[in-house]
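Asks: Dumping the structure here so I can ask a few things about it.
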Amino acid sequence: MNKLIDVTEYMHLVGRSARAASRAIARATTAQKNLALAEIAAALEKREAHILEENAADVRDAVKADLSAAMVDRLKLTSKTVASMATGLRQIAQLPDPVGEITDLRMRPSGIQVGKMRVPIGVIGIIYESRPNVTIDAAGLCLKSGNATVLRGGSEAARSNQAISACIALGLKAAKLPETIVQVVETTDRKAVGEMITRPEYIDVIIPRGGKGLIERISADARVPVIKHLDGNCHIFVDEHADIEKAVRVCDNAKTRRYGVCGAMESLLVHEARMHDVLPRVAKIFADKSVEMRGCERTQSALAAFDIKLATEEDWSTEYLAPIVSIKVVESMDAAIEHIERYGSHHTDAIITEHWSNAQRFLREVDSASVMVNASTQFADGFEYGLGAEIGISTDKLHARGPVGLEGLTTQKWVVLGDGTVRA
């Protein structure tokens with residue numbers, strides 16, 4: 001960023017450049033986009049040492065600033081993370097290009113053919129905290145879906161994001177595409193966020209990724225459409241017909257695989273018929289892994305040998321993103337679904353059951369972006385859904401819902417094919 005211009009002027013320059021670049025990427029060929037993705041992946045691998053060096057500096061500053069353990073965890077990159085980023089780009093390159101696909105083409109009595117063509121949205125603005133890997137996921141998905149993008153990462157990841165941005169620029173240049181197709185905002189001034197979310201002439205949709213406070217602020221102040229989720233209060237319901245071994249294995253993974261992800265289980269609901277079979281075994285695992293348990297009175301009674309704090313009303317609604325879990329014994333599936341509806345965030349919820357009808361009922365009635373049967377809620381991300389990567393999770397019901405991949409970053413327009421056809 002040129003130090004001689006202010007943030008507003010700089011963001012106008014970024015916006016104008018993005019709008020112009022959106023036309024270039026919209027007409028790019030699939031081969032050209034895939035080449036850019038491959039070259040970015042290669043640049044990441046070649047520059048891994050520099051990326052990790054810059055990231056280490058960000059992590060040191062984050063620790064000094066006393067940021068939360070969950071935020072530091074999301075900020076930190078490793079060789080494995082960088083390799084995963086490169087793999088994600090190559091997976092995106094292998095996915096079918098959605099742009100230009102015509103579906104539902106049908107002949108009308110008048111002689112015209114009517115269908116829908118999938119097209120890029122245009123310019124996508126992404127505002128996020130920590131997680132430098134979002135920079136590469138966003139760049140790759142927006143590029144393949146034919147969109148330009150403006151990325152504004154958090155100040156805590158500024159060095160990491162700029163190191164990754166340099167790799168993206170190299171890949172775009174190698175594919176003979178404008179480097180302004182992907183712009184990582186250089187200023188950490190929060191005024192840049194205000195400019196992004198109030199400029200529909202430059203940006204077509206905003207996708208925020210971060211804490212609830214950030215997303216609530218963007219949702220309240222934006223003049224640009226927003227694709228979002230506020231939090232991930234994910235539940236697992238162990239049904240009375242659950243297989244005990246499956247229940248124990250899935251609950252362990254859903255909670256303890258990673259604590260700081262939006263698909264982590266935060267609330268465990270157990271049918272009263274399974275409380276004495278499942279709860280002691282799950283509680284032992286949680287205790288061994290230093291997971292704090294907060295439960296209802298029946299949970300406390302069933303787990304008298306463990307230190308179970310009495311859950312408060314607030315606990316049932318909380319996304320902990322930490323080694324804490326709330327546990328409730330319920331008398332029926334009705335009670336479980338009612339609890340999820342009342343306290344859940346419509347992100348991801350799962351049932352453990354061997355009963356087909358109960359599984360189907362849970363799938364139909366739980367109003368969440370992802371609903372699962374006999375699977376860990378931590379599968380709720382783009383890689384596991386076969387999207388190659390994701391730009392985020394949406395709990396909205398319009399346009400995109402659940403993990404937002406290539407198709408979620410496109411829209412459709414009507415196309416009409418005729419042969420000199422005129423209307424009577």
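A note on labels: chains of the structure tokens are A, B, ... as shown, every chain counts residues from 1, and ligands are counted from 1 in their shown order.
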Hey, what's within 7 Å of region 24-32 of chain A if we count only C-alpha atoms and toss same-chain stuff fewer than 4 positions away? As a ChimeraX atom specification, please?

Replies: /A:36,97,120,146-148,175,181

Asks: Residues near Ile136 (chain A), anyone? I mean within 9 Å using only C-alpha atoms, not counting same-chain ones fewer than 4 positions away, as number ranges by chain.

Replies: A: 40, 85-86, 88-89, 132, 140-141, 161, 164-165, 168

Asks: Write the selection just made, keeping N, CA, C and O atoms, as a PDB file, in the first residue's frame?

Replies:
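Contents of out21.pdb, freshly written:
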```pdb
ATOM      1  N   ILE A  40       0.412 -21.759  -8.648  1.00  0.00           N
ATOM      2  CA  ILE A  40       0.334 -21.255  -7.267  1.00  0.00           C
ATOM      3  C   ILE A  40       0.744 -22.357  -6.301  1.00  0.00           C
ATOM      4  O   ILE A  40       1.491 -22.124  -5.340  1.00  0.00           O
ATOM      5  N   MET A  85      -2.421 -27.089   1.630  1.00  0.00           N
ATOM      6  CA  MET A  85      -2.879 -25.965   0.810  1.00  0.00           C
ATOM      7  C   MET A  85      -2.595 -26.219  -0.666  1.00  0.00           C
ATOM      8  O   MET A  85      -3.449 -25.984  -1.537  1.00  0.00           O
ATOM      9  N   ALA A  86      -1.392 -26.702  -0.944  1.00  0.00           N
ATOM     10  CA  ALA A  86      -1.028 -27.008  -2.329  1.00  0.00           C
ATOM     11  C   ALA A  86      -1.889 -28.142  -2.881  1.00  0.00           C
ATOM     12  O   ALA A  86      -2.363 -28.082  -4.030  1.00  0.00           O
ATOM     13  N   GLY A  88      -4.887 -28.884  -1.931  1.00  0.00           N
ATOM     14  CA  GLY A  88      -6.227 -28.332  -2.138  1.00  0.00           C
ATOM     15  C   GLY A  88      -6.355 -27.627  -3.475  1.00  0.00           C
ATOM     16  O   GLY A  88      -7.364 -27.776  -4.177  1.00  0.00           O
ATOM     17  N   LEU A  89      -5.339 -26.875  -3.843  1.00  0.00           N
ATOM     18  CA  LEU A  89      -5.366 -26.184  -5.138  1.00  0.00           C
ATOM     19  C   LEU A  89      -5.396 -27.181  -6.291  1.00  0.00           C
ATOM     20  O   LEU A  89      -6.124 -26.993  -7.275  1.00  0.00           O
ATOM     21  N   PRO A 132      -4.402 -18.318   8.006  1.00  0.00           N
ATOM     22  CA  PRO A 132      -3.832 -17.893   6.718  1.00  0.00           C
ATOM     23  C   PRO A 132      -4.195 -18.828   5.570  1.00  0.00           C
ATOM     24  O   PRO A 132      -4.166 -18.411   4.404  1.00  0.00           O
ATOM     25  N   GLY A 140      -8.042 -19.903  -4.588  1.00  0.00           N
ATOM     26  CA  GLY A 140      -8.239 -21.028  -5.501  1.00  0.00           C
ATOM     27  C   GLY A 140      -9.677 -21.197  -5.935  1.00  0.00           C
ATOM     28  O   GLY A 140      -9.968 -21.381  -7.126  1.00  0.00           O
ATOM     29  N   LEU A 141     -10.603 -21.148  -4.992  1.00  0.00           N
ATOM     30  CA  LEU A 141     -12.016 -21.342  -5.329  1.00  0.00           C
ATOM     31  C   LEU A 141     -12.560 -20.186  -6.158  1.00  0.00           C
ATOM     32  O   LEU A 141     -13.304 -20.400  -7.122  1.00  0.00           O
ATOM     33  N   ASN A 161      -0.119 -13.788   5.341  1.00  0.00           N
ATOM     34  CA  ASN A 161      -0.985 -13.547   4.186  1.00  0.00           C
ATOM     35  C   ASN A 161      -0.230 -12.895   3.030  1.00  0.00           C
ATOM     36  O   ASN A 161      -0.480 -13.218   1.866  1.00  0.00           O
ATOM     37  N   ILE A 164       1.868 -15.540   1.304  1.00  0.00           N
ATOM     38  CA  ILE A 164       1.022 -16.375   0.451  1.00  0.00           C
ATOM     39  C   ILE A 164       0.567 -15.598  -0.780  1.00  0.00           C
ATOM     40  O   ILE A 164       0.513 -16.131  -1.891  1.00  0.00           O
ATOM     41  N   SER A 165       0.267 -14.314  -0.585  1.00  0.00           N
ATOM     42  CA  SER A 165      -0.159 -13.465  -1.704  1.00  0.00           C
ATOM     43  C   SER A 165       0.896 -13.417  -2.807  1.00  0.00           C
ATOM     44  O   SER A 165       0.565 -13.418  -4.001  1.00  0.00           O
ATOM     45  N   ILE A 168       0.498 -16.399  -4.972  1.00  0.00           N
ATOM     46  CA  ILE A 168      -0.682 -16.282  -5.840  1.00  0.00           C
ATOM     47  C   ILE A 168      -0.365 -15.411  -7.045  1.00  0.00           C
ATOM     48  O   ILE A 168      -0.720 -15.741  -8.189  1.00  0.00           O
TER      49      ILE A 168
END
```

Asks: Using only C-alpha atoms, which residues sit within 6 Å of region 194-202 of chain A once same-chain residues fewer than 6 positions away are excluded, as a ChimeraX atom specification?

Replies: /A:15,19,222-224

Asks: What would the file look like if the residues just selected were written as a PDB file, in the first residue's frame with all heavy atoms?

Replies:
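Ended up saving to part.pdb:
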```
ATOM      1  N   GLY A  15     -10.920  -1.763  -5.285  1.00  0.00           N
ATOM      2  CA  GLY A  15     -12.245  -2.095  -5.808  1.00  0.00           C
ATOM      3  C   GLY A  15     -12.334  -1.945  -7.314  1.00  0.00           C
ATOM      4  O   GLY A  15     -12.882  -2.828  -8.006  1.00  0.00           O
ATOM      5  N   ARG A  19     -12.972  -5.023 -10.011  1.00  0.00           N
ATOM      6  CA  ARG A  19     -14.075  -5.030 -10.965  1.00  0.00           C
ATOM      7  C   ARG A  19     -13.551  -5.250 -12.381  1.00  0.00           C
ATOM      8  O   ARG A  19     -14.119  -6.041 -13.156  1.00  0.00           O
ATOM      9  CB  ARG A  19     -14.860  -3.717 -10.869  1.00  0.00           C
ATOM     10  CG  ARG A  19     -16.069  -3.632 -11.779  1.00  0.00           C
ATOM     11  CD  ARG A  19     -17.060  -4.748 -11.521  1.00  0.00           C
ATOM     12  NE  ARG A  19     -17.765  -4.574 -10.264  1.00  0.00           N
ATOM     13  CZ  ARG A  19     -18.491  -5.511  -9.673  1.00  0.00           C
ATOM     14  NH1 ARG A  19     -18.583  -6.728 -10.223  1.00  0.00           N
ATOM     15  NH2 ARG A  19     -19.096  -5.282  -8.531  1.00  0.00           N
ATOM     16  N   ALA A 222     -23.329  -4.073   6.579  1.00  0.00           N
ATOM     17  CA  ALA A 222     -23.054  -4.287   5.152  1.00  0.00           C
ATOM     18  C   ALA A 222     -24.166  -3.763   4.258  1.00  0.00           C
ATOM     19  O   ALA A 222     -25.355  -3.907   4.558  1.00  0.00           O
ATOM     20  CB  ALA A 222     -22.828  -5.770   4.883  1.00  0.00           C
ATOM     21  N   ARG A 223     -23.779  -3.166   3.155  1.00  0.00           N
ATOM     22  CA  ARG A 223     -24.695  -2.831   2.070  1.00  0.00           C
ATOM     23  C   ARG A 223     -24.512  -3.803   0.908  1.00  0.00           C
ATOM     24  O   ARG A 223     -25.178  -3.689  -0.117  1.00  0.00           O
ATOM     25  CB  ARG A 223     -24.440  -1.399   1.596  1.00  0.00           C
ATOM     26  CG  ARG A 223     -24.849  -0.331   2.615  1.00  0.00           C
ATOM     27  CD  ARG A 223     -24.448   1.050   2.128  1.00  0.00           C
ATOM     28  NE  ARG A 223     -24.911   1.271   0.749  1.00  0.00           N
ATOM     29  CZ  ARG A 223     -24.287   2.082  -0.116  1.00  0.00           C
ATOM     30  NH1 ARG A 223     -23.175   2.708   0.238  1.00  0.00           N
ATOM     31  NH2 ARG A 223     -24.774   2.246  -1.331  1.00  0.00           N
ATOM     32  N   VAL A 224     -23.604  -4.749   1.094  1.00  0.00           N
ATOM     33  CA  VAL A 224     -23.326  -5.801   0.120  1.00  0.00           C
ATOM     34  C   VAL A 224     -23.912  -7.097   0.688  1.00  0.00           C
ATOM     35  O   VAL A 224     -23.825  -7.333   1.898  1.00  0.00           O
ATOM     36  CB  VAL A 224     -21.803  -5.942  -0.088  1.00  0.00           C
ATOM     37  CG1 VAL A 224     -21.484  -7.093  -1.041  1.00  0.00           C
ATOM     38  CG2 VAL A 224     -21.207  -4.635  -0.594  1.00  0.00           C
TER      39      VAL A 224
END
```

Asks: Taking the chain letters and numbering used in this document, name the residues of region 139-349 of chain A that DSSP puts in strand (DSSP E), as a PyMOL selection string.

Replies: chain A and resi 148-152+182-184+205-209+234-238+265-271+292-295+308-310+324-330+348-349

Asks: With region 51-75 of chain A as the partner and 12 Å as the cut-off, tabulate the residues of region 107-161 of chain A that qualify, each row holding the nearest pair of atoms and their distance in Å to one decimal, using only C-alpha atoms, sorted by chain and rising number, as a tab-separated table.

Replies:
```
residue	atom	partner	partner_atom	distance
A:Tyr128	CA	A:Leu75	CA	11.2
A:Glu129	CA	A:Met71	CA	8.3
A:Ser130	CA	A:Leu75	CA	4.6
A:Arg131	CA	A:Leu75	CA	4.7
A:Pro132	CA	A:Leu75	CA	6.4
A:Asn133	CA	A:Leu75	CA	8.6
A:Val134	CA	A:Arg74	CA	10.2
A:Thr135	CA	A:Leu75	CA	11.7
A:Gly153	CA	A:Leu75	CA	10.9
A:Gly154	CA	A:Leu75	CA	9.9
A:Ser155	CA	A:Asp58	CA	9.0
A:Glu156	CA	A:Asp58	CA	6.1
A:Ala157	CA	A:Asp58	CA	5.7
A:Ala158	CA	A:Asp58	CA	7.3
A:Arg159	CA	A:Glu54	CA	5.4
A:Ser160	CA	A:Asn55	CA	4.8
A:Asn161	CA	A:Asn55	CA	8.5
```

Asks: At a cut-off of 12 Å, using only C-alpha atoms, what residues contact Asp334 (chain A)? Leave out same-chain residues fewer than 3 positions from it and give the result as JSON, numbers by chain.

Replies: {"A": [237, 239, 269, 271, 330, 331, 337, 338, 339, 340, 341, 358, 361, 362, 365, 366]}

Asks: For C-alpha atoms, I'd like the residues from the last selection saved as a PDB file, in the first residue's frame.

Replies:
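Ended up saving to out-v7.pdb:
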```pdb
ATOM      1  CA  PHE A 237     -27.629 -37.156  19.627  1.00  0.00           C
ATOM      2  CA  ASP A 239     -30.320 -42.443  20.036  1.00  0.00           C
ATOM      3  CA  LEU A 269     -27.396 -35.385  23.861  1.00  0.00           C
ATOM      4  CA  HIS A 271     -31.150 -40.872  25.140  1.00  0.00           C
ATOM      5  CA  VAL A 330     -33.024 -36.605  27.023  1.00  0.00           C
ATOM      6  CA  GLU A 331     -36.071 -38.833  27.260  1.00  0.00           C
ATOM      7  CA  ILE A 337     -34.755 -32.313  18.212  1.00  0.00           C
ATOM      8  CA  GLU A 338     -36.488 -29.666  20.318  1.00  0.00           C
ATOM      9  CA  HIS A 339     -33.232 -28.982  22.180  1.00  0.00           C
ATOM     10  CA  ILE A 340     -31.277 -28.651  18.926  1.00  0.00           C
ATOM     11  CA  GLU A 341     -33.901 -26.294  17.489  1.00  0.00           C
ATOM     12  CA  ASN A 358     -35.168 -42.538  13.320  1.00  0.00           C
ATOM     13  CA  ARG A 361     -36.668 -38.486  10.710  1.00  0.00           C
ATOM     14  CA  PHE A 362     -33.596 -36.755  12.131  1.00  0.00           C
ATOM     15  CA  GLU A 365     -36.572 -32.508  10.866  1.00  0.00           C
ATOM     16  CA  VAL A 366     -33.266 -31.052  12.042  1.00  0.00           C
TER      17      VAL A 366
END
```

Asks: DSSP on the backbone, helix (DSSP H, G or I) only: what residues of region 22-79 of chain A does that give? Format it as an MDAnalysis selection string.

Replies: chainID A and resid 22:26 30:46 48:64 69:75 79

Asks: Go through A:Asn34, A:Ser110, A:Thr299, A:Thr256 and flag the residue nearest Leu177 (chain A), using only C-alpha atoms for the distances.

Replies: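 Result for the nearest residue to Leu177 (chain A): A:Asn34.
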
Asks: Have a look at A:Glu179, A:Val205, A:Ala192, A:Arg118 and name the one nearest to Val7 (chain A); count only C-alpha atoms.

Replies: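 Closest candidate: A:Ala192.
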
Asks: What's the separation between CA of Val291 (chain A) and CA of Ser267 (chain A), in Å to one decimal place?

Replies: 12.5 Å

Asks: Figure out the distance between CA of Thr395 (chain A) and CA of Thr81 (chain A), please, to one decimal in Å.

Replies: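 Computed distance, CA of Thr81 (chain A) to CA of Thr395 (chain A), equals 26.4 Å.
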
Asks: Could you work out how far CA of Ile102 (chain A) lies from CA of Arg423 (chain A), giving the answer in Å with one decimal?

Replies: 23.2 Å

Asks: Find, counting only C-alpha atoms, the residue in A:Ala139, A:Cys167, A:Val184, A:Met333 that gets nearest to Glu45 (chain A).

Replies: A:Cys167

Asks: If you count only C-alpha atoms, which residues fall within 6 Å of Glu390 (chain A), apart from same-chain ones fewer than 3 positions away, as a PyMOL selection string?

Replies: chain A and resi 382+403-405

Asks: Tell me which of A:Thr421, A:Pro98, A:Ala273, A:Ala49 sits closest to Ser79 (chain A), counting only C-alpha atoms.

Replies: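 Checking each of A:Thr421, A:Pro98, A:Ala273, A:Ala49 against Ser79 (chain A), counting only C-alpha atoms, the winner is A:Ala49.
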
Asks: With only C-alpha atoms as the counted atoms, please give the residues lying no more than 9 Å from region 284-289 of chain A, apart from itself and same-chain residues fewer than 5 positions off, as a list in words.

Replies: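 Counting only the stated atoms, we get Val248, Asp252, Lys255, Thr256, Leu279, Phe306, Asp307, Pro323 and Val325 of chain A.
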
Asks: Those same residues, written as a compact mmCIF listing (two decimals), in the first residue's frame with N, CA, C and O atoms?

Replies:
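What ended up in part_38.txt:
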```
# COMPACT_ATOMS: atom_id res chain seq x y z
N VAL A 248 -19.32 -44.11 20.99
CA VAL A 248 -18.12 -43.70 21.72
C VAL A 248 -17.06 -43.17 20.76
O VAL A 248 -16.46 -42.11 20.99
N ASP A 252 -15.97 -39.10 20.60
CA ASP A 252 -14.57 -38.78 20.87
C ASP A 252 -13.99 -37.93 19.74
O ASP A 252 -13.43 -36.86 19.96
N LYS A 255 -15.48 -34.32 19.28
CA LYS A 255 -15.07 -33.32 20.25
C LYS A 255 -13.57 -33.08 20.29
O LYS A 255 -13.13 -31.93 20.33
N THR A 256 -12.78 -34.14 20.27
CA THR A 256 -11.37 -33.98 20.62
C THR A 256 -10.39 -33.95 19.45
O THR A 256 -9.21 -33.65 19.66
N LEU A 279 -22.45 -42.93 28.42
CA LEU A 279 -21.87 -41.79 29.14
C LEU A 279 -20.59 -42.12 29.92
O LEU A 279 -19.61 -41.37 29.83
N PHE A 306 -17.15 -38.72 38.16
CA PHE A 306 -16.41 -37.69 37.43
C PHE A 306 -16.77 -36.30 37.95
O PHE A 306 -17.81 -36.11 38.59
N ASP A 307 -15.93 -35.35 37.66
CA ASP A 307 -16.17 -33.97 38.05
C ASP A 307 -17.02 -33.28 36.98
O ASP A 307 -16.49 -32.72 36.02
N PRO A 323 -11.64 -27.22 24.91
CA PRO A 323 -11.92 -28.53 25.50
C PRO A 323 -12.98 -28.46 26.60
O PRO A 323 -12.70 -28.71 27.77
N VAL A 325 -17.35 -29.39 26.98
CA VAL A 325 -18.52 -29.96 26.32
C VAL A 325 -19.70 -29.93 27.28
O VAL A 325 -19.53 -30.11 28.49
```

Asks: Which residue is closest to Ser332 (chain A)? Choose from A:Leu387, A:Met265, A:Val238, A:Ala350 and count only C-alpha atoms.

Replies: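 The shortest atom-to-atom distance to Ser332 (chain A) comes from A:Val238.
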
Asks: Find, counting only C-alpha atoms, the residue in A:Ser219, A:Thr78, A:Asn233, A:Asn253 that gets nearest to Arg342 (chain A).

Replies: A:Asn233
